[in-house]
Amino acid sequence: MRIGVAFPTTEIGTDPAAIRDFAQAAEELGYDHITIIDHVLQAGKPAADDWRAYYSRDNMFHEPFVTLGFLSAATERIGLATAILILPQRPTVLVAKQAAEIDVLCRGRLRLGVGIGWNELEFDALGQNFKNRGPRMVEQITLMRELWTNELVTFDGEWHRISDSGINPLPVQQPIPVWVGAFAAPAIRRAAKVADGWFINPRLDPDDTAARSIEIFREAATAAGRDPDTLG
């Protein structure tokens, strides 16, 4: 079993020394990886339900890629992961470029965890379509893998067009591992079809509901012709 630690983005504050010290302490203690969450914009008024109420302007969210670039220089061994980056609210080619750069700077320690998000406010502010974010994310993952493993790419998808172009530098890992965070059954099935691994809902107790979620993931992977034992 590999044990990681979550970067305390809402609690750690803005002192670069504290951010560095946290990551270095996690590495020295033997943790396998550090995960960081993603929100670009928060509403001034908290949402009504219990867990979304925390995602307001009152709480701090460090930008994942910039933070991981800093942590790449501050650490040597520990894995770095987004858990998760809200992929459909960001331009695909830019994410591929940024992730490749982080992977270069950390010498191949990046795991890109992505998800579809829930906050329509962020999508509107970033100029992205909230309504098609599920299927669009699948195409985004496909395109990013092409960009990470080829010097030049020609791609003609439903939402993306690229003609004989590529990013440079390419990442150390070709491709970078992509994990998908998914809570609802349709999203879990989507993850099983396209991801290298799945981030399960961290709020689930180890009960029948969690067990059923794992069954859904494994069944969907098998139905897609994949071996669930090879997926994270």
# chains A, B, ... in the order shown; residues from 1 in each chain; ligands from 1

$ residues_around --residues "Glu139 of chain A" --least-positions-apart "3" --cutoff "9 Å" --atoms "only C-alpha atoms" --output "NGL selection string"
:A and (135-136 or 142-144 or 157-160)

$ select_by_dssp --residues "segment 177-226 of chain A" --states "strand (DSSP E)" --output "number ranges by chain"
A: 178-181, 197-199

$ atom_distance --atom1 "atom CA of Val138 of chain A" --atom2 "atom CA of Pro91 of chain A"
13.5 Å

$ closest_residue --among "A:Leu41, A:Cys106, A:Leu87, A:Val93" --to "Ser72 of chain A" --atoms "only C-alpha atoms"
A:Cys106

$ atom_distance --atom1 "atom CA of Pro177 of chain A" --atom2 "atom CA of Pro88 of chain A"
17.5 Å

$ closest_residue --among "A:Ala25, A:Ala99, A:Val178, A:Leu112" --to "Thr75 of chain A" --atoms "only C-alpha atoms"
A:Ala25

$ closest_residue --among "A:Gly134, A:Gly108, A:Gly13, A:Gly115" --to "Asp38 of chain A" --atoms "only C-alpha atoms"
A:Gly115

$ residues_around --residues "segment 192-197 of chain A" --least-positions-apart "6" --cutoff "12 Å" --atoms "only C-alpha atoms" --output "number ranges by chain"
A: 83, 111-115, 134-135, 137-142, 145, 175-182, 185-186, 213-232

$ write_last_selection --atoms "N, CA and C atoms" --output "tab-separated table (two decimals), in the first residue's frame"
chain	number	residue	atom	x	y	z
A	83	ALA	N	-5.39	16.14	-7.39
A	83	ALA	CA	-6.48	15.24	-7.00
A	83	ALA	C	-7.68	16.06	-6.49
A	111	ARG	N	1.54	12.80	-11.36
A	111	ARG	CA	0.33	12.04	-11.72
A	111	ARG	C	-0.79	13.07	-11.89
A	112	LEU	N	-1.40	13.12	-13.05
A	112	LEU	CA	-2.42	14.11	-13.33
A	112	LEU	C	-3.80	13.53	-13.03
A	113	GLY	N	-4.35	13.92	-11.89
A	113	GLY	CA	-5.71	13.54	-11.55
A	113	GLY	C	-6.67	14.61	-12.04
A	114	VAL	N	-7.71	14.18	-12.75
A	114	VAL	CA	-8.65	15.14	-13.35
A	114	VAL	C	-10.08	14.74	-13.01
A	115	GLY	N	-10.98	15.67	-13.16
A	115	GLY	CA	-12.40	15.42	-12.94
A	115	GLY	C	-13.23	16.47	-13.65
A	134	GLY	N	-18.52	16.17	-19.41
A	134	GLY	CA	-18.18	14.76	-19.28
A	134	GLY	C	-17.56	14.18	-20.54
A	135	PRO	N	-18.31	14.15	-21.65
A	135	PRO	CA	-17.72	13.61	-22.89
A	135	PRO	C	-16.54	14.43	-23.39
A	137	MET	N	-14.28	15.84	-21.58
A	137	MET	CA	-13.09	15.46	-20.83
A	137	MET	C	-12.44	14.19	-21.41
A	138	VAL	N	-13.27	13.26	-21.89
A	138	VAL	CA	-12.72	12.05	-22.50
A	138	VAL	C	-11.86	12.42	-23.71
A	139	GLU	N	-12.36	13.33	-24.55
A	139	GLU	CA	-11.56	13.77	-25.70
A	139	GLU	C	-10.32	14.52	-25.25
A	140	GLN	N	-10.43	15.29	-24.19
A	140	GLN	CA	-9.26	16.01	-23.67
A	140	GLN	C	-8.15	15.03	-23.26
A	141	ILE	N	-8.52	13.98	-22.57
A	141	ILE	CA	-7.52	12.99	-22.14
A	141	ILE	C	-6.85	12.34	-23.35
A	142	THR	N	-7.65	11.99	-24.34
A	142	THR	CA	-7.10	11.40	-25.56
A	142	THR	C	-6.10	12.33	-26.23
A	145	ARG	N	-2.74	12.76	-24.24
A	145	ARG	CA	-1.84	11.62	-24.41
A	145	ARG	C	-1.13	11.67	-25.76
A	175	PRO	N	2.99	8.32	-21.79
A	175	PRO	CA	2.35	9.55	-21.32
A	175	PRO	C	2.38	9.69	-19.79
A	176	ILE	N	2.06	10.87	-19.32
A	176	ILE	CA	1.86	11.09	-17.89
A	176	ILE	C	0.64	10.29	-17.43
A	177	PRO	N	0.72	9.60	-16.30
A	177	PRO	CA	-0.46	8.86	-15.82
A	177	PRO	C	-1.63	9.80	-15.54
A	178	VAL	N	-2.79	9.44	-16.06
A	178	VAL	CA	-4.00	10.23	-15.85
A	178	VAL	C	-4.99	9.42	-15.02
A	179	TRP	N	-5.30	9.95	-13.84
A	179	TRP	CA	-6.32	9.35	-12.99
A	179	TRP	C	-7.55	10.25	-13.03
A	180	VAL	N	-8.72	9.65	-12.85
A	180	VAL	CA	-9.96	10.40	-12.89
A	180	VAL	C	-10.66	10.28	-11.54
A	181	GLY	N	-11.06	11.41	-11.00
A	181	GLY	CA	-11.87	11.43	-9.79
A	181	GLY	C	-13.34	11.37	-10.17
A	182	ALA	N	-14.08	10.45	-9.59
A	182	ALA	CA	-15.48	10.27	-9.97
A	182	ALA	C	-16.28	9.74	-8.78
A	185	ALA	N	-22.16	7.03	-10.43
A	185	ALA	CA	-21.95	5.81	-11.23
A	185	ALA	C	-21.58	6.09	-12.68
A	186	PRO	N	-22.26	7.01	-13.40
A	186	PRO	CA	-21.84	7.26	-14.80
A	186	PRO	C	-20.40	7.77	-14.90
A	213	SER	N	-19.38	0.98	-5.35
A	213	SER	CA	-18.67	1.88	-6.25
A	213	SER	C	-17.47	1.17	-6.87
A	214	ILE	N	-16.74	0.42	-6.06
A	214	ILE	CA	-15.59	-0.32	-6.56
A	214	ILE	C	-16.04	-1.40	-7.56
A	215	GLU	N	-17.16	-2.05	-7.27
A	215	GLU	CA	-17.69	-3.05	-8.20
A	215	GLU	C	-18.04	-2.41	-9.53
A	216	ILE	N	-18.67	-1.23	-9.50
A	216	ILE	CA	-19.04	-0.53	-10.73
A	216	ILE	C	-17.79	-0.23	-11.55
A	217	PHE	N	-16.74	0.24	-10.90
A	217	PHE	CA	-15.49	0.55	-11.60
A	217	PHE	C	-14.91	-0.70	-12.25
A	218	ARG	N	-14.83	-1.78	-11.51
A	218	ARG	CA	-14.22	-3.00	-12.03
A	218	ARG	C	-15.06	-3.59	-13.16
A	219	GLU	N	-16.39	-3.59	-12.99
A	219	GLU	CA	-17.27	-4.12	-14.03
A	219	GLU	C	-17.15	-3.31	-15.32
A	220	ALA	N	-17.09	-1.99	-15.19
A	220	ALA	CA	-17.00	-1.14	-16.37
A	220	ALA	C	-15.66	-1.30	-17.07
A	221	ALA	N	-14.59	-1.47	-16.30
A	221	ALA	CA	-13.27	-1.69	-16.90
A	221	ALA	C	-13.26	-3.00	-17.69
A	222	THR	N	-13.82	-4.04	-17.11
A	222	THR	CA	-13.88	-5.33	-17.78
A	222	THR	C	-14.70	-5.25	-19.06
A	223	ALA	N	-15.84	-4.55	-18.98
A	223	ALA	CA	-16.70	-4.40	-20.15
A	223	ALA	C	-16.01	-3.64	-21.26
A	224	ALA	N	-15.07	-2.75	-20.90
A	224	ALA	CA	-14.32	-1.98	-21.90
A	224	ALA	C	-13.11	-2.73	-22.41
A	225	GLY	N	-12.95	-3.99	-21.99
A	225	GLY	CA	-11.82	-4.79	-22.45
A	225	GLY	C	-10.53	-4.51	-21.71
A	226	ARG	N	-10.63	-3.95	-20.50
A	226	ARG	CA	-9.46	-3.62	-19.71
A	226	ARG	C	-9.39	-4.54	-18.50
A	227	ASP	N	-8.19	-4.75	-18.00
A	227	ASP	CA	-8.00	-5.56	-16.80
A	227	ASP	C	-8.04	-4.64	-15.59
A	228	PRO	N	-9.08	-4.73	-14.76
A	228	PRO	CA	-9.17	-3.81	-13.61
A	228	PRO	C	-8.02	-3.94	-12.63
A	229	ASP	N	-7.35	-5.09	-12.61
A	229	ASP	CA	-6.22	-5.27	-11.70
A	229	ASP	C	-5.00	-4.43	-12.10
A	230	THR	N	-5.00	-3.94	-13.34
A	230	THR	CA	-3.88	-3.12	-13.80
A	230	THR	C	-4.15	-1.62	-13.60
A	231	LEU	N	-5.32	-1.27	-13.10
A	231	LEU	CA	-5.70	0.12	-12.93
A	231	LEU	C	-5.57	0.52	-11.47
A	232	GLY	N	-5.15	1.75	-11.25
A	232	GLY	CA	-4.98	2.23	-9.89
A	232	GLY	C	-6.30	2.50	-9.20

$ atom_distance --atom1 "atom CA of Glu101 of chain A" --atom2 "atom CA of Phe70 of chain A"
11.9 Å

$ closest_residue --among "A:Ile37, A:Leu68, A:Met60, A:Met1" --to "Gln98 of chain A" --atoms "only C-alpha atoms"
A:Leu68

$ closest_residue --among "A:Leu152, A:Pro202, A:Ala74, A:Asp58" --to "Arg20 of chain A" --atoms "only C-alpha atoms"
A:Ala74
